[in-house]
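Engineer: Just one file: query.txt, with compact mmCIF, C-alpha atoms and all ligand atoms.
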# COMPACT_ATOMS: atom_id res chain seq x y z
CA MET A 1 16.18 29.51 14.15
CA HIS A 2 13.50 29.74 11.43
CA ASN A 3 13.00 25.96 11.46
CA LYS A 4 12.62 25.88 15.20
CA ALA A 5 9.19 25.49 16.74
CA ILE A 6 8.07 28.48 18.75
CA LEU A 7 5.23 28.76 21.24
CA VAL A 8 3.72 32.23 21.64
CA THR A 9 1.40 32.60 24.63
CA GLY A 10 -1.02 35.50 24.32
CA GLY A 11 -0.29 35.64 20.60
CA ALA A 12 -3.85 36.79 19.84
CA GLY A 13 -3.40 39.89 22.02
CA TYR A 14 -2.15 43.33 21.09
CA ILE A 15 1.61 42.92 21.36
CA GLY A 16 1.73 39.15 20.86
CA SER A 17 -0.17 39.36 17.56
CA HIS A 18 2.32 41.89 16.19
CA VAL A 19 5.18 39.57 17.12
CA VAL A 20 3.44 36.57 15.51
CA ARG A 21 2.95 38.61 12.33
CA GLN A 22 6.62 39.57 12.24
CA LEU A 23 7.71 35.98 12.93
CA GLY A 24 5.56 34.81 10.02
CA GLU A 25 6.90 37.52 7.74
CA ALA A 26 10.46 36.63 8.75
CA GLY A 27 9.89 33.05 7.57
CA TYR A 28 9.32 31.18 10.81
CA ARG A 29 7.29 28.15 9.79
CA LYS A 30 6.45 26.49 13.09
CA ILE A 31 4.59 29.08 15.12
CA PHE A 32 2.09 27.87 17.73
CA VAL A 33 -0.08 30.45 19.44
CA LEU A 34 -1.63 29.59 22.80
CA ASP A 35 -4.35 32.07 23.76
CA ASN A 36 -7.54 31.67 25.79
CA LEU A 37 -9.14 34.52 23.80
CA SER A 38 -10.21 36.24 27.03
CA LYS A 39 -8.67 39.45 25.72
CA GLY A 40 -7.23 38.36 22.38
CA PHE A 41 -8.87 37.97 18.98
CA ARG A 42 -8.74 34.99 16.65
CA GLU A 43 -8.59 37.39 13.66
CA ALA A 44 -5.40 38.96 15.03
CA VAL A 45 -3.42 35.74 14.51
CA LEU A 46 -2.15 36.10 10.95
CA HIS A 47 0.41 33.27 11.01
CA GLY A 48 0.89 29.89 12.64
CA GLN A 49 -1.57 27.66 14.40
CA LEU A 50 -3.88 29.01 17.10
CA VAL A 51 -4.59 26.72 20.05
CA VAL A 52 -7.34 28.07 22.28
CA GLY A 53 -6.32 27.32 25.84
CA ASP A 54 -4.75 28.56 28.99
CA THR A 55 -1.18 28.81 30.23
CA GLY A 56 -2.50 27.42 33.54
CA ASP A 57 -3.46 24.14 31.85
CA SER A 58 -0.37 21.96 32.49
CA ASP A 59 -1.57 19.01 30.45
CA LEU A 60 -2.26 21.14 27.40
CA VAL A 61 0.95 23.18 27.65
CA SER A 62 3.15 20.12 28.20
CA ARG A 63 1.50 18.28 25.32
CA LEU A 64 2.02 21.26 23.00
CA ILE A 65 5.68 21.54 23.94
CA ARG A 66 6.32 17.81 23.52
CA GLU A 67 4.29 17.22 20.35
CA HIS A 68 5.72 20.17 18.47
CA ARG A 69 9.22 19.98 19.95
CA ILE A 70 9.01 23.60 21.09
CA GLU A 71 12.46 25.15 21.52
CA ALA A 72 11.50 28.72 22.38
CA VAL A 73 8.60 30.21 24.30
CA LEU A 74 7.57 33.86 23.99
CA HIS A 75 5.30 34.62 26.91
CA PHE A 76 2.82 37.50 26.45
CA ALA A 77 -0.32 36.10 28.07
CA ALA A 78 -1.13 38.38 31.01
CA TYR A 79 -3.58 40.91 32.37
CA THR A 80 -2.25 44.44 31.92
CA VAL A 81 -4.66 47.00 33.34
CA VAL A 82 -2.89 48.73 36.21
CA PRO A 83 -5.94 50.19 38.04
CA GLU A 84 -7.68 46.80 37.88
CA SER A 85 -4.59 45.15 39.38
CA VAL A 86 -4.94 47.46 42.36
CA SER A 87 -8.61 46.66 42.93
CA ASP A 88 -8.30 42.92 42.19
CA PRO A 89 -4.69 41.92 42.94
CA LEU A 90 -5.27 38.17 43.20
CA LYS A 91 -6.59 38.11 39.65
CA TYR A 92 -3.20 39.47 38.57
CA TYR A 93 -1.14 37.17 40.77
CA GLY A 94 -3.21 34.24 39.51
CA ASN A 95 -2.93 34.87 35.79
CA ASN A 96 0.39 36.71 35.63
CA THR A 97 2.41 34.99 38.35
CA CYS A 98 0.89 31.55 39.10
CA ASN A 99 0.26 30.77 35.44
CA THR A 100 3.79 31.85 34.55
CA ARG A 101 5.07 29.47 37.22
CA ASN A 102 3.01 26.72 35.61
CA LEU A 103 4.28 27.55 32.14
CA LEU A 104 7.89 27.58 33.39
CA ALA A 105 7.41 24.19 35.07
CA CYS A 106 6.17 22.75 31.76
CA CYS A 107 9.12 24.34 29.92
CA ALA A 108 11.63 22.97 32.43
CA ALA A 109 10.13 19.47 32.37
CA ASN A 110 10.18 19.35 28.58
CA GLY A 111 13.56 20.90 27.80
CA VAL A 112 12.55 24.29 26.33
CA LYS A 113 15.83 26.06 25.57
CA TYR A 114 14.85 29.71 25.26
CA PHE A 115 12.29 31.90 27.00
CA ILE A 116 11.40 35.51 26.20
CA PHE A 117 9.34 37.26 28.82
CA SER A 118 7.15 40.37 28.48
CA SER A 119 7.92 42.44 31.53
CA THR A 120 7.21 46.07 32.21
CA ALA A 121 8.61 49.39 33.33
CA ALA A 122 6.05 49.10 36.14
CA VAL A 123 8.66 46.97 37.99
CA TYR A 124 10.57 50.22 38.68
CA GLY A 125 7.66 51.88 40.51
CA ILE A 126 8.39 55.57 41.02
CA PRO A 127 12.11 55.82 40.30
CA ALA A 128 14.14 58.54 42.00
CA ILE A 129 16.00 59.31 38.78
CA THR A 130 15.00 58.96 35.13
CA PRO A 131 16.03 57.77 32.57
CA VAL A 132 16.04 54.41 34.36
CA ASP A 133 18.59 51.78 33.43
CA GLU A 134 18.26 48.06 34.13
CA GLN A 135 20.27 48.42 37.37
CA THR A 136 17.71 50.80 38.86
CA PRO A 137 16.26 49.13 41.97
CA THR A 138 12.91 47.48 41.30
CA ASP A 139 10.12 48.67 43.58
CA PRO A 140 6.70 48.20 41.98
CA ILE A 141 3.79 50.15 43.39
CA ASN A 142 0.93 48.11 41.97
CA ALA A 143 0.02 44.43 41.73
CA TYR A 144 0.55 44.45 37.96
CA GLY A 145 4.20 45.44 38.36
CA THR A 146 4.69 43.06 41.30
CA SER A 147 3.09 40.15 39.43
CA LYS A 148 5.57 40.68 36.58
CA LEU A 149 8.57 41.16 38.87
CA MET A 150 7.80 37.88 40.65
CA SER A 151 7.84 36.17 37.26
CA GLU A 152 11.22 37.78 36.50
CA TRP A 153 12.55 36.29 39.74
CA MET A 154 11.24 32.81 38.92
CA LEU A 155 12.93 33.06 35.55
CA ARG A 156 16.20 34.23 37.10
CA ASP A 157 16.24 31.31 39.53
CA LEU A 158 15.16 28.73 36.97
CA GLY A 159 17.81 30.07 34.59
CA ALA A 160 20.45 29.54 37.28
CA ALA A 161 19.20 26.03 38.06
CA SER A 162 18.82 24.75 34.49
CA ALA A 163 20.14 25.08 30.95
CA MET A 164 17.27 27.33 29.91
CA ARG A 165 18.33 30.82 28.82
CA TYR A 166 16.03 33.82 28.77
CA VAL A 167 15.61 37.45 27.80
CA VAL A 168 13.38 39.64 29.97
CA LEU A 169 12.09 42.67 28.04
CA ARG A 170 10.82 45.52 30.20
CA TYR A 171 8.37 47.46 28.05
CA PHE A 172 7.86 51.17 28.54
CA ASN A 173 4.66 52.66 27.02
CA VAL A 174 3.72 50.59 23.99
CA ALA A 175 1.54 52.23 21.34
CA GLY A 176 0.74 52.29 17.63
CA CYS A 177 0.01 49.29 15.46
CA ASP A 178 0.82 47.53 12.22
CA PRO A 179 1.56 50.35 9.72
CA GLN A 180 -0.75 48.59 7.23
CA ALA A 181 -3.52 48.41 9.89
CA ARG A 182 -4.09 44.69 9.35
CA ILE A 183 -3.96 44.25 13.12
CA GLY A 184 -4.07 46.72 16.00
CA GLN A 185 -5.09 47.35 19.57
CA SER A 186 -8.64 46.38 20.41
CA THR A 187 -8.42 46.06 24.18
CA PRO A 188 -11.88 46.76 25.61
CA GLN A 189 -12.22 49.50 28.25
CA ALA A 190 -8.72 50.67 27.46
CA THR A 191 -7.03 52.98 29.93
CA LEU A 192 -3.85 53.70 27.98
CA LEU A 193 -3.43 57.31 26.91
CA ILE A 194 -2.95 56.93 23.14
CA LYS A 195 -5.79 54.40 22.88
CA VAL A 196 -8.10 56.67 24.90
CA ALA A 197 -7.12 59.73 22.84
CA THR A 198 -7.65 58.05 19.47
CA GLU A 199 -11.02 56.68 20.65
CA THR A 200 -11.96 60.24 21.57
CA ALA A 201 -10.80 61.57 18.20
CA VAL A 202 -13.09 59.14 16.37
CA GLY A 203 -16.04 60.00 18.64
CA LYS A 204 -16.19 56.85 20.80
CA ARG A 205 -15.57 58.93 23.91
CA ASP A 206 -16.67 62.42 24.83
CA HIS A 207 -13.33 63.66 26.12
CA VAL A 208 -9.84 62.78 27.36
CA ALA A 209 -9.04 63.41 31.02
CA ILE A 210 -5.52 64.62 31.75
CA PHE A 211 -4.59 63.01 35.04
CA GLY A 212 -2.53 65.73 36.70
CA THR A 213 -1.42 69.12 35.39
CA ASP A 214 0.83 70.03 38.33
CA TYR A 215 3.72 67.59 37.90
CA PRO A 216 7.28 68.94 37.97
CA THR A 217 7.61 68.29 34.22
CA LYS A 218 7.97 70.47 31.11
CA ASP A 219 4.25 71.36 30.96
CA GLY A 220 2.94 69.95 34.26
CA THR A 221 1.63 66.69 32.76
CA GLY A 222 3.11 63.18 33.04
CA VAL A 223 6.01 62.23 30.78
CA ARG A 224 6.42 58.74 29.29
CA ASP A 225 8.62 56.93 26.79
CA TYR A 226 6.24 55.76 24.02
CA ILE A 227 7.56 52.89 21.91
CA HIS A 228 5.97 51.77 18.64
CA VAL A 229 4.69 48.19 18.85
CA GLU A 230 6.50 47.37 15.56
CA ASP A 231 9.87 48.24 17.10
CA LEU A 232 8.98 46.36 20.26
CA ALA A 233 7.97 43.29 18.25
CA ASP A 234 11.27 43.47 16.37
CA ALA A 235 13.12 43.41 19.71
CA HIS A 236 11.56 39.97 20.36
CA LEU A 237 12.83 38.59 17.04
CA LYS A 238 16.26 40.00 17.81
CA ALA A 239 16.12 38.43 21.28
CA LEU A 240 15.38 35.04 19.71
CA ASP A 241 18.37 35.41 17.37
CA TYR A 242 20.52 36.45 20.31
CA LEU A 243 19.61 33.39 22.40
CA ALA A 244 19.97 31.02 19.44
CA ALA A 245 23.45 32.44 18.83
CA GLY A 246 24.44 31.52 22.40
CA GLY A 247 23.65 34.78 24.19
CA THR A 248 23.49 34.65 27.98
CA SER A 249 20.33 35.40 29.93
CA THR A 250 19.67 39.10 30.29
CA THR A 251 17.15 41.83 31.14
CA LEU A 252 16.63 44.77 28.79
CA ASN A 253 14.61 47.98 28.80
CA CYS A 254 12.48 48.60 25.71
CA GLY A 255 11.96 52.27 25.04
CA TYR A 256 13.43 55.06 22.93
CA GLY A 257 15.16 56.97 25.71
CA HIS A 258 13.13 60.16 25.47
CA GLY A 259 9.76 61.17 26.80
CA TYR A 260 6.65 63.05 25.71
CA SER A 261 4.16 64.75 28.01
CA VAL A 262 0.44 63.94 28.02
CA ARG A 263 -0.21 67.31 26.34
CA GLU A 264 2.35 66.60 23.62
CA VAL A 265 0.69 63.24 22.94
CA LEU A 266 -2.78 64.81 22.77
CA ASP A 267 -1.48 67.53 20.42
CA ALA A 268 -0.02 64.83 18.17
CA VAL A 269 -3.36 62.97 18.04
CA ALA A 270 -5.25 66.20 17.19
CA ARG A 271 -2.62 66.95 14.51
CA ALA A 272 -2.99 63.47 13.02
CA ASP A 273 -6.77 63.79 13.00
CA GLY A 274 -6.77 67.35 11.67
CA LYS A 275 -9.13 68.63 14.35
CA PRO A 276 -9.12 69.21 18.11
CA PHE A 277 -11.10 67.14 20.64
CA LYS A 278 -12.31 67.82 24.17
CA ILE A 279 -9.74 67.65 26.94
CA VAL A 280 -10.55 68.01 30.65
CA ALA A 281 -8.00 68.52 33.43
CA HIS A 282 -8.39 66.02 36.29
CA PRO A 283 -6.45 65.50 39.52
CA ARG A 284 -3.47 63.14 39.49
CA ARG A 285 -4.20 59.42 39.16
CA ALA A 286 -2.95 57.43 42.15
CA GLY A 287 0.35 55.69 41.57
CA ASP A 288 1.46 57.60 38.47
CA PRO A 289 5.12 58.62 38.46
CA PRO A 290 5.73 62.14 37.07
CA GLU A 291 8.24 60.91 34.52
CA LEU A 292 9.29 57.46 33.31
CA VAL A 293 11.83 57.24 30.52
CA ALA A 294 14.09 54.33 29.59
CA GLN A 295 17.85 54.35 29.49
CA CYS A 296 17.94 52.04 26.49
CA SER A 297 21.56 51.76 25.42
CA ARG A 298 21.82 48.13 26.58
CA ILE A 299 19.23 46.73 24.20
CA THR A 300 20.98 48.45 21.32
CA GLN A 301 24.34 47.02 22.35
CA VAL A 302 23.22 43.53 23.31
CA LEU A 303 20.67 42.79 20.58
CA GLY A 304 21.83 45.20 17.86
CA TRP A 305 18.25 46.54 17.89
CA LYS A 306 17.62 49.77 15.99
CA PRO A 307 14.27 51.53 16.21
CA ARG A 308 12.54 52.35 12.92
CA TYR A 309 9.48 54.21 14.22
CA ASP A 310 10.91 56.54 16.84
CA ASN A 311 8.48 59.30 15.89
CA LEU A 312 5.45 60.26 17.99
CA ASP A 313 3.49 61.52 14.97
CA LEU A 314 3.92 58.18 13.21
CA ILE A 315 2.91 56.25 16.35
CA VAL A 316 -0.33 58.18 16.75
CA GLN A 317 -1.06 58.15 12.99
CA HIS A 318 -0.91 54.36 13.00
CA ALA A 319 -3.01 54.13 16.19
CA LEU A 320 -5.59 56.50 14.69
CA ALA A 321 -5.75 54.60 11.40
CA TRP A 322 -6.64 51.42 13.32
CA GLU A 323 -9.25 53.25 15.40
CA LYS A 324 -10.85 54.59 12.21
CA LYS A 325 -10.97 51.05 10.85
CA LEU A 326 -12.68 49.88 14.02
CA ILE A 327 -15.32 52.57 13.81
CA LYS A 328 -16.13 51.41 10.26
CA LYS A 329 -16.25 47.82 11.58
CA LEU A 330 -13.36 46.86 9.29
CA GLY A 331 -11.19 45.55 12.12
CA TYR A 332 -11.79 43.08 14.94
CA GLY A 333 -12.94 44.13 18.40
CA GLY A 334 -13.65 47.73 19.13
C1 LIG A 401 1.21 51.72 32.91
C2 LIG A 401 2.39 50.95 33.42
C3 LIG A 401 3.08 50.24 32.29
C4 LIG A 401 2.11 49.33 31.65
C5 LIG A 401 0.94 50.14 31.16
C6 LIG A 401 -0.08 49.18 30.59
C7 LIG A 401 3.33 52.03 35.38
C8 LIG A 401 4.32 52.99 35.90
N1 LIG A 401 3.32 51.87 34.05
O1 LIG A 401 1.69 52.75 32.10
O2 LIG A 401 4.15 49.49 32.74
O3 LIG A 401 2.73 48.65 30.60
O4 LIG A 401 0.35 50.88 32.23
O5 LIG A 401 -1.06 48.87 31.46
O6 LIG A 401 2.58 51.43 36.14
N2 LIG A 401 -3.09 59.56 31.20
C9 LIG A 401 -4.00 60.60 31.16
N3 LIG A 401 -5.27 60.31 30.77
C10 LIG A 401 -5.69 59.07 30.43
C11 LIG A 401 -4.75 58.01 30.46
C12 LIG A 401 -3.47 58.30 30.86
O7 LIG A 401 -3.68 61.75 31.48
O8 LIG A 401 -6.89 58.89 30.10
C13 LIG A 401 -1.69 59.86 31.56
C14 LIG A 401 -1.17 59.10 32.76
O9 LIG A 401 -1.43 59.80 33.94
C15 LIG A 401 0.32 58.99 32.42
C16 LIG A 401 0.33 58.88 30.90
O10 LIG A 401 -0.91 59.42 30.46
O11 LIG A 401 1.01 60.17 32.76
C17 LIG A 401 0.42 57.44 30.39
O12 LIG A 401 -0.56 56.65 31.07
P1 LIG A 401 -1.00 55.19 30.56
O13 LIG A 401 -1.13 55.22 29.08
O14 LIG A 401 -2.18 54.77 31.36
O15 LIG A 401 0.25 54.28 30.87
P2 LIG A 401 1.14 54.20 32.22
O16 LIG A 401 0.29 54.36 33.43
O17 LIG A 401 2.30 55.12 32.04
Would you mind giving the structure from this file in structure tokens?
Ligand code: UD1
Structural biologist:
Amino acid sequence: MHNKAILVTGGAGYIGSHVVRQLGEAGYRKIFVLDNLSKGFREAVLHGQLVVGDTGDSDLVSRLIREHRIEAVLHFAAYTVVPESVSDPLKYYGNNTCNTRNLLACCAANGVKYFIFSSTAAVYGIPAITPVDEQTPTDPINAYGTSKLMSEWMLRDLGAASAMRYVVLRYFNVAGCDPQARIGQSTPQATLLIKVATETAVGKRDHVAIFGTDYPTKDGTGVRDYIHVEDLADAHLKALDYLAAGGTSTTLNCGYGHGYSVREVLDAVARADGKPFKIVAHPRRAGDPPELVAQCSRITQVLGWKPRYDNLDLIVQHALAWEKKLIKKLGYGG
């Protein structure tokens, strides 16, 4: 597969840039990154060729696929802020759903063989039982989750109607960054817990709000399955190998199978930083499930994926190292 040309949409963003880096390190020589730089950073693309453009631009996408004989597409480009998707749903359906439809049409018309799609645990909504396996009914409760689920359905139907094979990866809570802090998470106005907590630890924010202390969980705060972005990126490389070896289309959860509470995460960040920071209890945030943890045995079986960073302390240490780099203006964004 290393000689095959690969198109990575959103490859200048947080998760996409980690995958591009791993592809480059693994010896892939024909990596093409398509990113409109609305959220991504040019400096985050450490390998391959960056094309600044949009997945909604059919002429550009089709030309890229044809000219470079793209065989596999890894599709990360999307908006990902859940509260924003609730207040501005059409923005999410436009970029996440309509543009994915456009990208798929270009792939179908130009014979792309393999497609790897960044989906989300948000497709499960508020599941009755956790851990959730891939058979758990999908029932998203926000436009972000719905926009991704609609893309999963398009992929399912296109997969049935054509020779294209795909892997849908449903991410749980992605965190951490490149252990060498060459690239990291620079999303502006971040709402994700570990990003918010590390920004607070370095003094960019006054405090962290805990959204809900009365959940039926171990300490009353929300529980999530935090997966290191390095392990998640590795799952994409394994998914490419799997498809190239003839694997059938499939949908896989990406998590570690165990959860940490908000308080446990905040304790880990304070431990990594060596000092406490201000925490304020707030009411529950609308639409937050009490607990969301992956049943993740399928990805291990199907892809032979083995996590290397299943350690909350390591995840927050890496996230904090990047945040400290940003504060010293040694990284991009921030
Ligand atoms: C959500 C989506 C997930 C998506 C992610 C990225 C759902 C169920 N999950 O994750 O699929 O990939 O957003 O947009 O929609 N918290 C605080 N204080 C904060 C921030 C968060 O207490 O300042 C708490 C939340 O209430 C939650 C946990 O921390 O219990 C994690 O929240 P967050 O990092 O925002 O991610 P999710 O909402 O779980």
Engineer: Go through chain A residue by residue and, counting only C-alpha atoms and all ligand atoms, keep those with an atom at most 8 Å from ligand LIG 401 (chain A); for each kept residue give the shortest atom pair and its distance in Å to one decimal, ordered by chain and increasing number, as a Markdown table.
Structural biologist:
| residue | atom | partner | partner_atom | distance |
| --- | --- | --- | --- | --- |
| A:Thr80 | CA | A:LIG401 | O5 | 4.6 |
| A:Val81 | CA | A:LIG401 | O5 | 4.5 |
| A:Val82 | CA | A:LIG401 | O5 | 5.1 |
| A:Thr120 | CA | A:LIG401 | O2 | 4.6 |
| A:Ala121 | CA | A:LIG401 | O2 | 4.5 |
| A:Ala122 | CA | A:LIG401 | O2 | 3.9 |
| A:Val123 | CA | A:LIG401 | O2 | 7.4 |
| A:Tyr124 | CA | A:LIG401 | C8 | 7.4 |
| A:Gly125 | CA | A:LIG401 | C8 | 5.8 |
| A:Ile126 | CA | A:LIG401 | C8 | 7.0 |
| A:Pro140 | CA | A:LIG401 | O6 | 7.8 |
| A:Ile141 | CA | A:LIG401 | O6 | 7.5 |
| A:Asn142 | CA | A:LIG401 | O6 | 6.9 |
| A:Tyr144 | CA | A:LIG401 | O6 | 7.5 |
| A:Gly145 | CA | A:LIG401 | O6 | 6.6 |
| A:Tyr171 | CA | A:LIG401 | O3 | 6.3 |
| A:Phe172 | CA | A:LIG401 | O2 | 5.9 |
| A:Asn173 | CA | A:LIG401 | O3 | 5.7 |
| A:Val174 | CA | A:LIG401 | O3 | 7.0 |
| A:Thr191 | CA | A:LIG401 | O14 | 5.4 |
| A:Leu192 | CA | A:LIG401 | O13 | 3.3 |
| A:Leu193 | CA | A:LIG401 | O13 | 3.8 |
| A:Ile194 | CA | A:LIG401 | O13 | 6.4 |
| A:Lys195 | CA | A:LIG401 | O13 | 7.8 |
| A:Val196 | CA | A:LIG401 | O8 | 5.8 |
| A:Ala197 | CA | A:LIG401 | O8 | 7.3 |
| A:Val208 | CA | A:LIG401 | O8 | 5.6 |
| A:Ala209 | CA | A:LIG401 | N3 | 4.9 |
| A:Ile210 | CA | A:LIG401 | O7 | 3.4 |
| A:Phe211 | CA | A:LIG401 | O7 | 3.9 |
| A:Gly212 | CA | A:LIG401 | O9 | 6.6 |
| A:Thr221 | CA | A:LIG401 | O11 | 6.5 |
| A:Gly222 | CA | A:LIG401 | O11 | 3.7 |
| A:Val223 | CA | A:LIG401 | O11 | 5.8 |
| A:Arg224 | CA | A:LIG401 | O17 | 6.1 |
| A:Ser261 | CA | A:LIG401 | O11 | 7.3 |
| A:Val262 | CA | A:LIG401 | O10 | 5.3 |
| A:His282 | CA | A:LIG401 | O7 | 8.0 |
| A:Arg284 | CA | A:LIG401 | O9 | 6.8 |
| A:Arg285 | CA | A:LIG401 | O9 | 5.9 |
| A:Gly287 | CA | A:LIG401 | O6 | 7.3 |
| A:Asp288 | CA | A:LIG401 | O9 | 5.8 |
| A:Pro289 | CA | A:LIG401 | C8 | 6.2 |
| A:Pro290 | CA | A:LIG401 | O11 | 6.7 |
| A:Glu291 | CA | A:LIG401 | O11 | 7.5 |
| A:Leu292 | CA | A:LIG401 | C8 | 7.2 |
Engineer: Could the residues in this selection be written to a file with C-alpha atoms, as a compact mmCIF listing (two decimals), in the frame of the given file?
Structural biologist:
# COMPACT_ATOMS: atom_id res chain seq x y z
CA THR A 80 -2.25 44.44 31.92
CA VAL A 81 -4.66 47.00 33.34
CA VAL A 82 -2.89 48.73 36.21
CA THR A 120 7.21 46.07 32.21
CA ALA A 121 8.61 49.39 33.33
CA ALA A 122 6.05 49.10 36.14
CA VAL A 123 8.66 46.97 37.99
CA TYR A 124 10.57 50.22 38.68
CA GLY A 125 7.66 51.88 40.51
CA ILE A 126 8.39 55.57 41.02
CA PRO A 140 6.70 48.20 41.98
CA ILE A 141 3.79 50.15 43.39
CA ASN A 142 0.93 48.11 41.97
CA TYR A 144 0.55 44.45 37.96
CA GLY A 145 4.20 45.44 38.36
CA TYR A 171 8.37 47.46 28.05
CA PHE A 172 7.86 51.17 28.54
CA ASN A 173 4.66 52.66 27.02
CA VAL A 174 3.72 50.59 23.99
CA THR A 191 -7.03 52.98 29.93
CA LEU A 192 -3.85 53.70 27.98
CA LEU A 193 -3.43 57.31 26.91
CA ILE A 194 -2.95 56.93 23.14
CA LYS A 195 -5.79 54.40 22.88
CA VAL A 196 -8.10 56.67 24.90
CA ALA A 197 -7.12 59.73 22.84
CA VAL A 208 -9.84 62.78 27.36
CA ALA A 209 -9.04 63.41 31.02
CA ILE A 210 -5.52 64.62 31.75
CA PHE A 211 -4.59 63.01 35.04
CA GLY A 212 -2.53 65.73 36.70
CA THR A 221 1.63 66.69 32.76
CA GLY A 222 3.11 63.18 33.04
CA VAL A 223 6.01 62.23 30.78
CA ARG A 224 6.42 58.74 29.29
CA SER A 261 4.16 64.75 28.01
CA VAL A 262 0.44 63.94 28.02
CA HIS A 282 -8.39 66.02 36.29
CA ARG A 284 -3.47 63.14 39.49
CA ARG A 285 -4.20 59.42 39.16
CA GLY A 287 0.35 55.69 41.57
CA ASP A 288 1.46 57.60 38.47
CA PRO A 289 5.12 58.62 38.46
CA PRO A 290 5.73 62.14 37.07
CA GLU A 291 8.24 60.91 34.52
CA LEU A 292 9.29 57.46 33.31
Engineer: Give me the residues within 12 Å of Val45 in chain A as a VMD selection string, counting all atoms listed in the file and dropping any in the same chain fewer than 6 places off.
Structural biologist: chain A and resid 8 to 24 31 to 35 37 51 to 52 182 to 184 332
Engineer: With distances taken over only C-alpha atoms, which of A:Leu169, A:Val269, A:Ala181, A:Ala319 is nearest to Glu134 in chain A?
Structural biologist: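 Closest to Glu134 in chain A of all the choices is A:Leu169.
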Engineer: Identify, on the basis of all atoms listed in the file, every residue whose closest approach to range 293-298 of chain A does not exceed 9 Å; exclude the query and any residue fewer than 2 positions from it along the same chain; express the result as an NGL selection string.
Structural biologist: :A and (121 or 130-134 or 172 or 223-226 or 252-259 or 291 or 300-303)
Engineer: Given all atoms listed in the file as the basis, pick out the residue of A:Tyr93, A:Tyr28, A:Phe277, A:Tyr79 nearest to Gly40 in chain A.
Structural biologist: A:Tyr79
Engineer: Could you please determine the separation between CA of Lys275 in chain A and CA of Leu320 in chain A in Å, to one decimal place?
Structural biologist: 12.6 Å
Engineer: In Å, rounded to a single decimal, give me how far CA of Leu103 in chain A is from CA of Leu50 in chain A.
Structural biologist: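 About the pair CA of Leu50 in chain A and CA of Leu103 in chain A: they are 17.2 Å apart.
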Engineer: Would you compute the distance between CA of Leu232 in chain A and CA of Gly176 in chain A? Give it in Å to one decimal.
Structural biologist: 10.5 Å
Engineer: Give the answer as one residue: which of A:Pro307, A:Gly94, A:Pro179, A:Gly220 has the shortest atom-to-atom distance to Arg263 in chain A, using all atoms listed in the file?
Structural biologist: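 Nearest to Arg263 in chain A: A:Gly220.
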Engineer: For range 150-156 of chain A, take all atoms listed in the file, fit an axis-aligned box around them, add 4 Å to each of the six sides, then output centre and edge lengths in Å rounded to one decimal, as lines of an AutoDock Vina configuration file.
Structural biologist:
center_x = 12.0
center_y = 35.3
center_z = 38.1
size_x = 16.4
size_y = 13.1
size_z = 13.1
